[in-house]
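J.: So here's entry.txt (compact mmCIF, C-alpha atoms).
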```txt
# COMPACT_ATOMS: atom_id res chain seq x y z
CA MET P 13 0.00 0.00 0.00
CA SER P 14 1.33 3.47 -0.80
CA LYS P 15 2.34 5.82 1.99
CA PRO P 16 0.00 8.74 2.79
CA ILE P 17 1.24 12.20 1.73
CA VAL P 18 1.31 15.12 4.16
CA ALA P 19 1.91 18.64 2.80
CA ILE P 20 3.03 21.70 4.79
CA VAL P 21 1.51 25.02 3.66
CA GLY P 22 2.16 28.51 5.05
CA ARG P 23 3.56 32.00 4.51
CA PRO P 24 7.32 32.63 4.13
CA ASN P 25 9.34 32.50 7.36
CA VAL P 26 6.71 30.78 9.49
CA GLY P 27 9.08 27.81 9.94
CA LYS P 28 7.93 25.25 7.36
CA SER P 29 11.44 24.11 6.45
CA THR P 30 12.50 24.03 10.11
CA LEU P 31 9.62 21.67 10.89
CA PHE P 32 10.38 19.63 7.78
CA ASN P 33 14.05 19.22 8.76
CA ALA P 34 13.15 18.44 12.40
CA LEU P 35 10.81 15.61 11.33
CA ALA P 36 13.12 14.28 8.63
CA GLY P 37 15.94 14.13 11.18
CA GLU P 38 18.47 15.84 8.93
CA LYS P 39 19.02 19.05 7.02
CA ILE P 40 17.28 17.78 3.90
CA SER P 41 18.13 20.84 1.81
CA ILE P 42 21.81 19.85 1.82
CA VAL P 43 21.58 16.16 0.97
CA LYS P 44 24.20 13.93 -0.65
CA ASP P 45 25.64 14.90 -4.03
CA THR P 46 24.22 11.98 -6.01
CA PRO P 47 24.52 12.99 -9.66
CA GLY P 48 21.25 14.20 -11.11
CA ILE P 49 19.35 14.17 -7.83
CA THR P 50 18.09 17.54 -6.70
CA ARG P 51 20.01 19.07 -3.79
CA ASP P 52 17.10 21.23 -2.71
CA ARG P 53 14.91 18.42 -1.45
CA ILE P 54 11.26 19.09 -0.73
CA TYR P 55 10.10 15.64 0.33
CA ALA P 56 11.14 13.08 2.96
CA ASP P 57 9.89 9.78 4.34
CA ILE P 58 8.82 10.04 7.99
CA THR P 59 7.93 7.36 10.55
CA TRP P 60 5.79 7.93 13.63
CA LEU P 61 4.41 5.13 15.85
CA ASP P 62 4.98 2.53 13.11
CA ARG P 63 3.06 4.61 10.56
CA TYR P 64 4.97 5.71 7.49
CA PHE P 65 4.22 8.78 5.40
CA THR P 66 5.84 11.13 2.89
CA MET P 67 6.07 14.76 3.93
CA ILE P 68 6.21 17.51 1.30
CA ASP P 69 7.38 21.06 2.00
CA THR P 70 5.50 23.35 -0.40
CA GLY P 71 7.72 26.29 0.63
CA GLY P 72 10.35 28.23 -1.23
CA ILE P 73 8.58 31.54 -1.92
CA GLU P 74 10.39 34.80 -1.38
CA PRO P 75 7.99 37.34 -2.93
CA GLU P 76 8.26 41.11 -2.80
CA SER P 77 4.72 42.15 -1.92
CA ASN P 78 1.74 40.91 0.05
CA ASP P 79 -0.25 40.39 -3.15
CA VAL P 80 2.43 38.06 -4.50
CA ILE P 81 2.58 36.24 -1.17
CA LEU P 82 -1.15 35.59 -1.29
CA SER P 83 -1.19 34.39 -4.90
CA GLN P 84 1.76 32.07 -4.32
CA MET P 85 0.26 30.77 -1.08
CA ARG P 86 -2.91 29.95 -2.98
CA GLU P 87 -0.80 28.06 -5.52
CA GLN P 88 0.90 26.16 -2.67
CA ALA P 89 -2.47 25.38 -1.13
CA GLN P 90 -3.71 24.07 -4.47
CA ILE P 91 -0.70 21.73 -4.77
CA ALA P 92 -1.44 20.46 -1.26
CA ILE P 93 -5.17 20.04 -1.95
CA ASP P 94 -4.46 18.13 -5.17
CA THR P 95 -1.83 15.74 -3.87
CA ALA P 96 -1.94 15.43 -0.08
CA ASP P 97 -3.95 13.13 2.15
CA VAL P 98 -3.45 15.49 5.11
CA ILE P 99 -2.55 19.21 5.04
CA VAL P 100 -0.51 20.92 7.77
CA PHE P 101 -1.33 24.65 7.69
CA MET P 102 1.41 26.53 9.55
CA VAL P 103 1.05 30.01 11.05
CA ASP P 104 3.41 32.12 13.18
CA VAL P 105 2.40 33.07 16.73
CA LYS P 106 4.79 36.04 16.73
CA GLN P 107 3.39 37.57 13.54
CA GLY P 108 -0.18 36.81 14.62
CA LEU P 109 -3.18 36.23 12.39
CA VAL P 110 -2.85 38.04 9.04
CA ASP P 111 -5.16 38.46 6.07
CA ALA P 112 -3.27 35.98 3.85
CA ASP P 113 -3.76 33.27 6.49
CA SER P 114 -7.53 33.80 6.48
CA LYS P 115 -7.79 33.69 2.68
CA VAL P 116 -5.77 30.48 2.37
CA ALA P 117 -7.73 28.97 5.27
CA ASP P 118 -10.96 29.53 3.26
CA MET P 119 -9.50 27.60 0.33
CA LEU P 120 -8.25 24.76 2.50
CA ARG P 121 -11.56 24.49 4.35
CA ARG P 122 -13.46 24.07 1.06
CA SER P 123 -11.12 21.26 -0.03
CA ARG P 124 -12.70 18.83 2.46
CA LYS P 125 -9.21 17.44 3.14
CA PRO P 126 -8.10 16.93 6.76
CA ILE P 127 -6.29 20.10 7.91
CA ILE P 128 -4.05 20.35 10.98
CA LEU P 129 -3.61 23.97 12.08
CA VAL P 130 -0.12 24.35 13.54
CA VAL P 131 0.95 27.52 15.40
CA ASN P 132 4.75 27.68 15.30
CA LYS P 133 7.39 29.52 17.40
CA VAL P 134 5.54 28.84 20.69
CA ASP P 135 8.54 28.37 22.96
CA SER P 136 6.38 29.04 26.03
CA PHE P 137 2.70 28.04 26.14
CA GLU P 138 1.96 30.33 29.13
CA LYS P 139 3.49 33.34 27.42
CA PHE P 140 1.62 32.87 24.12
CA GLU P 141 -1.63 31.26 25.32
CA ALA P 142 -3.89 34.18 24.35
CA ASP P 143 -2.14 34.58 20.97
CA ILE P 144 -2.64 30.88 20.17
CA TYR P 145 -6.39 31.11 20.78
CA GLU P 146 -6.65 33.95 18.26
CA PHE P 147 -6.13 31.34 15.49
CA TYR P 148 -9.47 29.67 16.33
CA ASN P 149 -10.86 32.56 14.21
CA LEU P 150 -9.62 30.76 11.07
CA GLY P 151 -12.44 28.26 11.55
CA ILE P 152 -10.20 25.28 10.85
CA GLY P 153 -10.37 23.77 14.32
CA GLU P 154 -8.04 23.46 17.27
CA PRO P 155 -4.60 25.08 16.84
CA PHE P 156 -1.64 22.86 17.78
CA ALA P 157 1.10 24.89 19.47
CA ILE P 158 4.63 23.85 18.52
CA SER P 159 8.18 25.15 18.40
CA ALA P 160 9.82 23.51 15.38
CA SER P 161 13.29 24.83 16.25
CA ASN P 162 13.06 23.59 19.87
CA ARG P 163 11.13 20.44 18.87
CA LEU P 164 8.32 21.16 21.30
CA GLY P 165 4.78 19.84 20.73
CA LEU P 166 5.73 17.72 17.69
CA GLY P 167 4.45 14.47 19.22
CA GLU P 168 0.90 15.76 19.70
CA MET P 169 0.90 17.21 16.18
CA LEU P 170 2.09 13.89 14.69
CA ASP P 171 -0.54 11.96 16.69
CA GLU P 172 -3.17 14.21 15.13
CA ILE P 173 -1.73 13.78 11.60
CA ILE P 174 -1.74 9.96 11.68
CA LYS P 175 -5.34 9.89 12.97
CA TYR P 176 -6.41 10.79 9.43
CA PHE P 177 -4.50 8.01 7.67
CA PRO P 178 -6.62 5.18 6.26
CA GLU P 179 -6.62 2.01 8.32
CA GLU P 180 -4.26 -0.61 6.92
CA THR P 181 -6.86 -3.22 6.05
CA GLU P 182 -6.30 -6.52 4.29
CA GLU P 183 -8.63 -5.50 1.44
CA GLN P 184 -6.40 -2.58 0.50
CA GLU P 185 -3.41 -4.92 0.29
CA GLU P 186 -5.21 -7.22 -2.15
CA ASP P 187 -5.11 -4.94 -5.22
CA GLU P 188 -2.62 -6.98 -7.24
CA ARG P 189 -2.93 -4.93 -10.44
CA PRO P 190 0.44 -3.56 -11.55
CA LYS P 191 0.62 0.22 -11.05
CA ILE P 192 2.66 2.20 -13.54
CA ALA P 193 3.41 5.91 -13.05
CA ILE P 194 3.98 7.90 -16.23
CA VAL P 195 6.25 10.79 -15.24
CA GLY P 196 8.17 13.50 -17.04
CA LYS P 197 8.22 17.24 -17.49
CA PRO P 198 5.17 18.92 -19.04
CA ASN P 199 4.38 18.37 -22.72
CA VAL P 200 6.55 15.30 -23.34
CA GLY P 201 3.45 13.28 -24.25
CA LYS P 202 2.53 11.46 -21.01
CA SER P 203 -1.22 11.72 -21.61
CA SER P 204 -0.85 10.84 -25.32
CA ILE P 205 0.89 7.60 -24.34
CA ILE P 206 -2.02 6.59 -22.08
CA ASN P 207 -4.56 7.59 -24.75
CA LYS P 208 -2.75 5.38 -27.29
CA LEU P 209 -2.65 2.43 -24.89
CA LEU P 210 -6.37 2.93 -24.20
CA GLY P 211 -7.33 3.50 -27.80
CA GLU P 212 -9.53 6.43 -26.81
CA ASN P 213 -9.11 10.06 -25.76
CA ARG P 214 -9.66 9.52 -22.04
CA VAL P 215 -7.10 12.07 -20.82
CA ILE P 216 -7.26 15.72 -22.00
CA VAL P 217 -4.34 16.46 -24.33
CA SER P 218 -3.35 19.82 -25.75
CA ASP P 219 -0.20 21.50 -27.06
CA VAL P 220 -0.14 23.80 -24.03
CA ALA P 221 2.37 22.51 -21.49
CA GLY P 222 0.69 21.27 -18.34
CA THR P 223 -2.93 20.93 -19.45
CA THR P 224 -3.63 17.68 -17.59
CA ARG P 225 -5.82 18.81 -14.71
CA ASP P 226 -5.39 16.16 -12.05
CA ALA P 227 -3.46 12.95 -11.46
CA VAL P 228 -5.60 10.38 -13.22
CA ASP P 229 -5.67 6.61 -12.67
CA THR P 230 -6.51 4.82 -15.90
CA SER P 231 -7.19 1.09 -16.10
CA VAL P 232 -5.91 -0.60 -19.28
CA MET P 233 -6.46 -4.26 -20.30
CA HIS P 234 -3.74 -5.99 -22.32
CA GLU P 235 -3.89 -9.67 -23.24
CA GLY P 236 -6.20 -10.43 -20.33
CA ARG P 237 -4.16 -8.58 -17.67
CA GLU P 238 -5.27 -5.31 -16.11
CA TYR P 239 -2.77 -2.48 -15.55
CA VAL P 240 -3.32 0.81 -13.70
CA PHE P 241 -1.55 3.80 -15.26
CA ILE P 242 -1.02 6.86 -13.06
CA ASP P 243 -0.70 10.05 -15.11
CA THR P 244 1.00 12.93 -13.31
CA ALA P 245 -0.96 16.14 -13.56
CA GLY P 246 0.36 19.36 -15.01
CA LEU P 247 -0.15 22.94 -13.95
CA ARG P 248 -3.51 24.63 -13.53
CA ARG P 249 -2.33 27.94 -14.96
CA LYS P 250 -0.12 28.51 -17.97
CA LYS P 251 1.60 31.66 -16.72
CA LYS P 252 4.16 30.25 -14.32
CA VAL P 253 7.79 30.97 -13.65
CA LYS P 254 10.17 28.07 -14.24
CA GLU P 255 10.95 27.46 -10.56
CA GLU P 256 7.31 27.12 -9.60
CA LEU P 257 6.68 24.80 -12.53
CA GLU P 258 9.56 22.57 -11.48
CA HIS P 259 8.46 22.60 -7.85
CA TYR P 260 4.95 21.58 -8.82
CA MET P 261 6.29 18.87 -11.12
CA ILE P 262 8.43 17.36 -8.35
CA VAL P 263 5.52 17.32 -5.86
CA ARG P 264 3.30 15.56 -8.38
CA THR P 265 6.04 13.11 -9.31
CA VAL P 266 6.68 12.16 -5.67
CA SER P 267 3.00 11.35 -5.09
CA ALA P 268 2.72 9.27 -8.29
CA VAL P 269 6.01 7.40 -7.79
CA GLU P 270 5.02 6.56 -4.22
CA ARG P 271 2.00 4.58 -5.44
CA ALA P 272 3.68 2.85 -8.38
CA ASP P 273 5.43 -0.48 -8.92
CA VAL P 274 7.08 0.67 -12.15
CA VAL P 275 7.90 4.23 -13.22
CA ILE P 276 8.02 5.17 -16.90
CA ILE P 277 10.14 8.30 -17.35
CA VAL P 278 9.09 9.97 -20.60
CA ILE P 279 11.71 11.95 -22.52
CA ASP P 280 10.94 14.13 -25.54
CA ALA P 281 13.06 12.80 -28.44
CA VAL P 282 13.14 16.22 -30.11
CA GLU P 283 14.29 18.12 -26.98
CA GLY P 284 16.58 15.40 -25.69
CA VAL P 285 17.39 14.56 -22.06
CA THR P 286 17.66 17.46 -19.57
CA GLU P 287 18.44 18.12 -15.90
CA GLN P 288 14.70 18.03 -15.21
CA GLU P 289 14.60 14.38 -16.28
CA ALA P 290 17.54 13.74 -13.96
CA LYS P 291 15.58 15.17 -11.02
CA ILE P 292 12.47 13.16 -11.88
CA ALA P 293 14.49 9.96 -12.39
CA GLY P 294 16.26 10.57 -9.06
CA ILE P 295 12.89 10.42 -7.26
CA ALA P 296 12.14 6.97 -8.77
CA HIS P 297 15.68 5.75 -8.09
CA GLU P 298 15.65 6.79 -4.43
CA ALA P 299 12.21 5.21 -3.97
CA GLY P 300 13.63 1.92 -5.26
CA LYS P 301 11.11 1.52 -8.07
CA GLY P 302 11.42 -0.39 -11.32
CA VAL P 303 12.29 2.08 -14.11
CA ILE P 304 11.66 2.27 -17.85
CA ILE P 305 12.90 5.25 -19.89
CA ALA P 306 10.50 5.87 -22.79
CA VAL P 307 11.82 8.21 -25.49
CA ASN P 308 8.61 9.58 -27.05
CA LYS P 309 8.10 11.39 -30.40
CA TRP P 310 10.77 9.19 -32.00
CA ASP P 311 8.89 9.55 -35.31
CA ALA P 312 9.73 13.28 -35.33
CA VAL P 313 13.52 12.74 -35.28
CA GLU P 314 15.64 12.59 -38.41
CA LYS P 315 17.68 9.40 -38.19
CA ASP P 316 20.76 7.70 -39.53
CA ASP P 317 22.27 4.36 -38.51
CA LYS P 318 23.84 5.87 -35.35
CA THR P 319 20.94 8.01 -34.04
CA ILE P 320 19.67 5.52 -31.46
CA TYR P 321 23.23 4.80 -30.27
CA ARG P 322 24.03 8.52 -29.80
CA PHE P 323 20.72 9.27 -28.04
CA THR P 324 21.12 6.25 -25.73
CA GLU P 325 24.64 7.37 -24.79
CA LYS P 326 23.42 10.89 -23.89
CA VAL P 327 20.60 9.52 -21.72
CA ARG P 328 22.95 7.05 -19.99
CA ASN P 329 25.40 9.88 -19.24
CA VAL P 330 22.79 12.17 -17.68
CA LEU P 331 21.15 9.30 -15.76
CA SER P 332 24.46 7.62 -14.93
CA TYR P 333 23.32 6.58 -11.44
CA MET P 334 20.66 4.23 -12.91
CA PRO P 335 22.37 2.08 -15.57
CA TYR P 336 19.81 -0.68 -14.84
CA ALA P 337 16.90 1.34 -16.31
CA GLU P 338 15.35 -0.17 -19.44
CA MET P 339 15.07 2.06 -22.52
CA ILE P 340 12.52 2.05 -25.34
CA PHE P 341 12.00 4.41 -28.30
CA ILE P 342 8.30 5.02 -29.00
CA SER P 343 5.80 7.29 -30.69
CA ALA P 344 2.43 7.88 -29.05
CA VAL P 345 1.24 9.45 -32.33
CA THR P 346 2.07 6.56 -34.68
CA GLY P 347 1.89 3.79 -32.08
CA GLN P 348 5.50 2.75 -32.79
CA ARG P 349 6.62 0.04 -30.27
CA MET P 350 3.71 0.91 -27.92
CA THR P 351 2.65 -2.72 -27.42
CA LYS P 352 6.27 -3.59 -26.53
CA LEU P 353 5.85 -1.35 -23.49
CA PHE P 354 3.70 -4.03 -21.85
CA ASP P 355 6.40 -6.68 -22.36
CA LEU P 356 8.93 -4.36 -20.72
CA ILE P 357 6.56 -3.55 -17.83
CA ASP P 358 5.96 -7.27 -17.19
CA MET P 359 9.69 -7.99 -17.25
CA VAL P 360 10.53 -5.13 -14.86
CA ILE P 361 7.75 -6.14 -12.43
CA GLN P 362 9.09 -9.70 -12.40
CA ASN P 363 12.68 -8.54 -11.79
CA HIS P 364 11.60 -6.07 -9.09
CA ALA P 365 10.12 -8.99 -7.10
CA LEU P 366 12.82 -11.58 -7.95
CA ARG P 367 14.33 -13.63 -5.11
CA VAL P 368 17.66 -15.43 -5.37
CA GLY P 369 18.59 -18.38 -3.14
CA THR P 370 21.27 -17.81 -0.50
CA GLY P 371 23.41 -20.72 -1.71
CA VAL P 372 23.58 -19.40 -5.27
CA LEU P 373 24.34 -15.86 -4.05
CA ASN P 374 27.27 -17.08 -1.96
CA GLU P 375 28.66 -19.04 -4.91
CA ILE P 376 28.54 -15.87 -7.04
CA MET P 377 30.21 -13.85 -4.27
CA SER P 378 33.00 -16.43 -3.71
CA GLU P 379 33.73 -16.51 -7.43
CA ALA P 380 33.74 -12.68 -7.58
CA VAL P 381 36.18 -12.47 -4.65
CA ALA P 382 38.47 -15.05 -6.28
CA LEU P 383 38.50 -13.06 -9.54
CA GLN P 384 39.07 -9.64 -7.94
CA GLN P 385 40.70 -9.40 -4.56
CA PRO P 386 38.84 -7.22 -2.00
CA PRO P 387 40.51 -3.91 -1.07
CA SER P 388 42.83 -3.52 1.92
CA ASP P 389 43.94 -0.57 4.01
CA LYS P 390 46.96 -0.28 6.35
CA GLY P 391 47.61 -4.01 6.09
CA LYS P 392 44.02 -5.03 6.88
CA ARG P 393 42.12 -6.74 4.06
CA LEU P 394 38.37 -6.77 3.59
CA LYS P 395 36.79 -10.21 4.07
CA LEU P 396 33.32 -11.03 2.77
CA PHE P 397 31.75 -13.79 4.87
CA TYR P 398 28.21 -14.22 3.65
CA ILE P 399 25.46 -12.70 1.48
CA THR P 400 21.69 -13.16 1.66
CA GLN P 401 18.66 -11.49 0.09
CA VAL P 402 16.37 -9.97 2.73
CA ALA P 403 13.69 -8.16 0.69
CA VAL P 404 12.15 -7.56 -2.74
CA LYS P 405 10.67 -4.45 -4.41
CA PRO P 406 13.52 -3.53 -4.73
CA PRO P 407 15.70 -6.64 -4.27
CA THR P 408 17.76 -5.97 -1.14
CA PHE P 409 20.85 -7.90 -0.02
CA VAL P 410 22.84 -7.99 3.22
CA ILE P 411 26.58 -8.68 2.98
CA PHE P 412 28.43 -9.62 6.20
CA VAL P 413 32.04 -8.41 6.27
CA ASN P 414 34.90 -8.06 8.78
CA ASP P 415 35.13 -4.25 8.45
CA LYS P 416 32.45 -1.99 6.96
CA GLU P 417 34.95 0.82 6.36
CA LEU P 418 36.87 -1.36 3.91
CA MET P 419 33.78 -2.13 1.80
CA HIS P 420 34.20 0.69 -0.69
CA PHE P 421 31.32 1.73 -2.94
CA SER P 422 33.26 0.51 -5.99
CA TYR P 423 33.59 -3.03 -4.60
CA THR P 424 29.88 -3.14 -3.72
CA ARG P 425 29.18 -2.08 -7.32
CA TYR P 426 31.48 -4.88 -8.53
CA ILE P 427 29.50 -7.49 -6.52
CA GLU P 428 26.25 -5.95 -7.83
CA ASN P 429 27.47 -6.27 -11.41
CA ARG P 430 28.35 -9.95 -10.87
CA ILE P 431 24.84 -10.62 -9.50
CA ARG P 432 23.31 -8.78 -12.46
CA GLU P 433 25.44 -10.83 -14.89
CA SER P 434 23.90 -13.99 -13.43
CA PHE P 435 20.29 -12.91 -12.91
CA GLY P 436 19.76 -9.80 -15.05
CA PHE P 437 17.57 -7.77 -12.71
CA ARG P 438 16.93 -5.50 -15.71
CA GLY P 439 14.91 -2.40 -14.91
CA THR P 440 15.24 -2.60 -11.13
CA PRO P 441 17.68 -1.03 -8.66
CA LEU P 442 19.43 -3.35 -6.19
CA ARG P 443 20.04 -2.30 -2.59
CA PHE P 444 22.98 -3.48 -0.48
CA ILE P 445 23.28 -3.33 3.30
CA ILE P 446 26.78 -3.94 4.69
CA ARG P 447 26.99 -5.48 8.18
CA GLU P 448 30.04 -6.23 10.30
CA ARG P 449 30.57 -9.64 11.85
CA LYS P 450 33.42 -10.80 14.07
CA GLU P 451 35.75 -13.32 12.48
CA GLN P 452 35.43 -16.89 13.72
CA SER P 453 38.48 -17.67 15.83
```
If you took the structure in this file and wrote it as structure tokens, what would it be?

T.:
Amino acid sequence: MSKPIVAIVGRPNVGKSTLFNALAGEKISIVKDTPGITRDRIYADITWLDRYFTMIDTGGIEPESNDVILSQMREQAQIAIDTADVIVFMVDVKQGLVDADSKVADMLRRSRKPIILVVNKVDSFEKFEADIYEFYNLGIGEPFAISASNRLGLGEMLDEIIKYFPEETEEQEEDERPKIAIVGKPNVGKSSIINKLLGENRVIVSDVAGTTRDAVDTSVMHEGREYVFIDTAGLRRKKKVKEELEHYMIVRTVSAVERADVVIIVIDAVEGVTEQEAKIAGIAHEAGKGVIIAVNKWDAVEKDDKTIYRFTEKVRNVLSYMPYAEMIFISAVTGQRMTKLFDLIDMVIQNHALRVGTGVLNEIMSEAVALQQPPSDKGKRLKLFYITQVAVKPPTFVIFVNDKELMHFSYTRYIENRIRESFGFRGTPLRFIIRERKEQS
């Protein structure tokens, strides 16, 4: 079952990012330098009382006037309304209740989504008690007093958030239909692909970037098997600055990827691969999903005998952190290779859930170690004792070694490549957990 999505909405400087970082347990905005993965992260996976959810920070506005603040807050609120299961509306006790808060509260109230009103910067309840009660005037319900920077009141707020999550029932787990998210920047042909697979114009398509109104689940039958395609929605208004467009795109992508088994990243053959694709692909990679790269509009490209080779090389360079991703060149207009998509989806789903026996894995590892000696440092050599697969979706392996520090990334990649040579695992990332174990004396 997919994790619920919680979005934080509020004016600039009310403390949205501080809360986000406090809950994520790290300064998310300065994450690791994985190539192609956005540094300015706006989403994180959070756990509270054995409930898991994805939190999205809709922040990042630094406008010059109150009018701009209000319009951008409305845009934020709309993102939250469209994608979130629960909305955290944050206000600032020190600034008090302002007009923009009231106007956004009206919008949120009409959405019929669960809204948690959070009053931030309350470092002393006694001192601010009267100011907190002022926020009852928003008509959203009880204000929860917190101090994100001092981590006060977060437990009560989180208890309230998880109250609104759907119960994890057995029936929800039983939906075995493969779920495929179609992601990509606006106007690369995501909706056209689904229309072609359906054979009817079910999703609105237009030449204006971002005309898809909402994330749409479309059921498609192919050779007796039912697939659910998740189309990521575009923007509601055409007149948007690039940063907002990208922000919106990432929020939508996170929510679609979260629910999917396989992610199809659509690239425009005419435009080629860009940094935006790298950001979108990074979301799927970090979520451990099966990945297919679909190069659309291939009919519109002038070709010679090396065109596919050159295009593939460019894509592989930009998305170098996911060499496992499958690639297909298609045209939603002409239908070129569209039915082959289903064969690829089936293969990736199978590989994503593939289990390998422990005995076979250890044979592969022993052979790999014999062929390429493990690294050593200051006279101490890495020893690999044992490998076992502990999970699927994505396939996850634990390797027991004598010293974790000696297990360099490059040697882990070498072991991964040997496993892939034997079992393929095409289209799916593999995860490795390195554990230390004392040597047997």

J.: Please identify all polymer residues lying at most 12 Å from the point (-8.9, 29.6, 16.4) (file coordinates), using only C-alpha atoms, and present the result as a list in words.

T.: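 Output: Val103, Val105, Gly108, Leu109, Asp113, Ser114, Ala117, Ile128, Leu129, Val130, Val131, Glu141, Ala142, Asp143, Ile144, Tyr145, Glu146, Phe147, Tyr148, Asn149, Leu150, Gly151, Ile152, Gly153, Glu154, Pro155, Phe156 and Ala157 of chain P.
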
J.: For a cutoff of 12 Å around the file-coordinate point (12.1, 27.6, 19.2), which residues qualify once you count all atoms listed in the file? I'd like the result as JSON, numbers by chain.

T.: {"P": [26, 27, 30, 31, 34, 104, 105, 106, 131, 132, 133, 134, 135, 136, 137, 157, 158, 159, 160, 161, 162, 163, 164, 165, 166]}

J.: Which residue gives the smallest distance to P:Met67 among P:Thr408, P:Asn374, P:Thr95, P:Ser422, with all atoms listed in the file counted?

T.: P:Thr95

J.: Considering all atoms listed in the file, state which residue in the set P:Arg328, P:Val313, P:Met359, P:Ala306 is at the smallest distance from P:Glu283.

T.: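 Closest candidate: P:Val313.
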
J.: Rank P:Ile357, P:Ile431, P:Ile276, P:Ala281 by their smallest atom-to-atom distance to P:Val372, using only C-alpha atoms, and report the top residue only.

T.: P:Ile431

J.: Rank P:Ile361, P:Ala56, P:Val410, P:Leu418 by their smallest atom-to-atom distance to P:Arg443, using all atoms listed in the file, and report the top residue only.

T.: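 For P:Arg443, the nearest of the candidates is P:Val410.
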
J.: Taking 3 positions as the minimum chain separation for residues in the same chain, which residues sit within 8 Å of P:Ile446 when counting only C-alpha atoms? Answer as a short mmCIF file (atom, residue, chain, number, x, y, z; two decimals) with C-alpha atoms, keeping the file's coordinate frame.

T.:
```cif
data_model
loop_
_atom_site.label_atom_id
_atom_site.label_comp_id
_atom_site.auth_asym_id
_atom_site.auth_seq_id
_atom_site.Cartn_x
_atom_site.Cartn_y
_atom_site.Cartn_z
CA VAL P 410 22.84 -7.99 3.22
CA ILE P 411 26.58 -8.68 2.98
CA PHE P 412 28.43 -9.62 6.20
CA VAL P 413 32.04 -8.41 6.27
CA LYS P 416 32.45 -1.99 6.96
CA MET P 419 33.78 -2.13 1.80
#
```

J.: Atom CA of P:Arg438 and atom CA of P:Asp358 are how many Å apart?

T.: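 Taking atom CA of P:Arg438 as the start and atom CA of P:Asp358 as the end point, the length is 11.2 Å.
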
J.: How far is it from atom CA of P:Glu138 to atom CA of P:Glu172, in Å with one decimal?

T.: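 Interatomic distance here is 22.0 Å.
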
J.: Select, from P:Val307, P:Ala272, P:Val266, P:Ala382, the residue with the minimum atom-to-atom distance to P:His364, counting all atoms listed in the file.

T.: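 Closest to P:His364, using all atoms listed in the file: P:Ala272.
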
J.: Rounded to one decimal in Å, what is the spacing between atom CA of P:Thr351 and atom CA of P:Leu331?

T.: 25.0 Å

J.: Taking all atoms listed in the file into account, which of P:Met339, P:Ile54, P:Arg23, P:Lys15 comes nearest P:Val269?

T.: P:Lys15

J.: Do a neighbour search on stretch 229-239 of chain P at 8 Å with all atoms listed in the file, toss out local chain neighbours closer than 2 positions, and write the hits as a ChimeraX atom specification.

T.: /P:189-192,206,209-210,227,241-243,354

J.: Which residues are close to P:His420, i.e. within 12 Å by all atoms listed in the file, leaving aside same-chain residues fewer than 2 positions away? Reply as an NGL selection string.

T.: :P and (386-389 or 393-394 or 413 or 415-418 or 422-427 or 444 or 446)

J.: Taking C-alpha atoms for each residue, export the selection above as a compact mmCIF listing (two decimals), in the frame of the given file.

T.:
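Dumped everything to again-v1.txt:
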```
# COMPACT_ATOMS: atom_id res chain seq x y z
CA PRO P 386 38.84 -7.22 -2.00
CA PRO P 387 40.51 -3.91 -1.07
CA SER P 388 42.83 -3.52 1.92
CA ASP P 389 43.94 -0.57 4.01
CA ARG P 393 42.12 -6.74 4.06
CA LEU P 394 38.37 -6.77 3.59
CA VAL P 413 32.04 -8.41 6.27
CA ASP P 415 35.13 -4.25 8.45
CA LYS P 416 32.45 -1.99 6.96
CA GLU P 417 34.95 0.82 6.36
CA LEU P 418 36.87 -1.36 3.91
CA SER P 422 33.26 0.51 -5.99
CA TYR P 423 33.59 -3.03 -4.60
CA THR P 424 29.88 -3.14 -3.72
CA ARG P 425 29.18 -2.08 -7.32
CA TYR P 426 31.48 -4.88 -8.53
CA ILE P 427 29.50 -7.49 -6.52
CA PHE P 444 22.98 -3.48 -0.48
CA ILE P 446 26.78 -3.94 4.69
```

J.: Because the input lacks atoms here, generate N, CA, C and O atoms for stretch 14-19 of chain P and report them as a CSV table (one decimal), in the coordinates of the input.

T.:
```
chain,number,residue,atom,x,y,z
P,14,SER,N,0.5,2.3,-0.7
P,14,SER,CA,1.3,3.5,-0.8
P,14,SER,C,1.2,4.3,0.5
P,14,SER,O,0.3,4.2,1.2
P,15,LYS,N,2.3,5.0,0.8
P,15,LYS,CA,2.3,5.8,2.0
P,15,LYS,C,1.5,7.1,1.8
P,15,LYS,O,1.5,7.7,0.7
P,16,PRO,N,0.8,7.5,2.9
P,16,PRO,CA,0.0,8.7,2.8
P,16,PRO,C,1.0,9.9,2.6
P,16,PRO,O,2.1,9.8,2.9
P,17,ILE,N,0.4,11.0,2.0
P,17,ILE,CA,1.2,12.2,1.7
P,17,ILE,C,0.7,13.3,2.6
P,17,ILE,O,-0.5,13.6,2.6
P,18,VAL,N,1.6,14.0,3.3
P,18,VAL,CA,1.3,15.1,4.2
P,18,VAL,C,2.0,16.3,3.6
P,18,VAL,O,3.2,16.3,3.4
P,19,ALA,N,1.3,17.4,3.4
P,19,ALA,CA,1.9,18.6,2.8
P,19,ALA,C,1.9,19.8,3.8
P,19,ALA,O,0.9,19.9,4.5
```
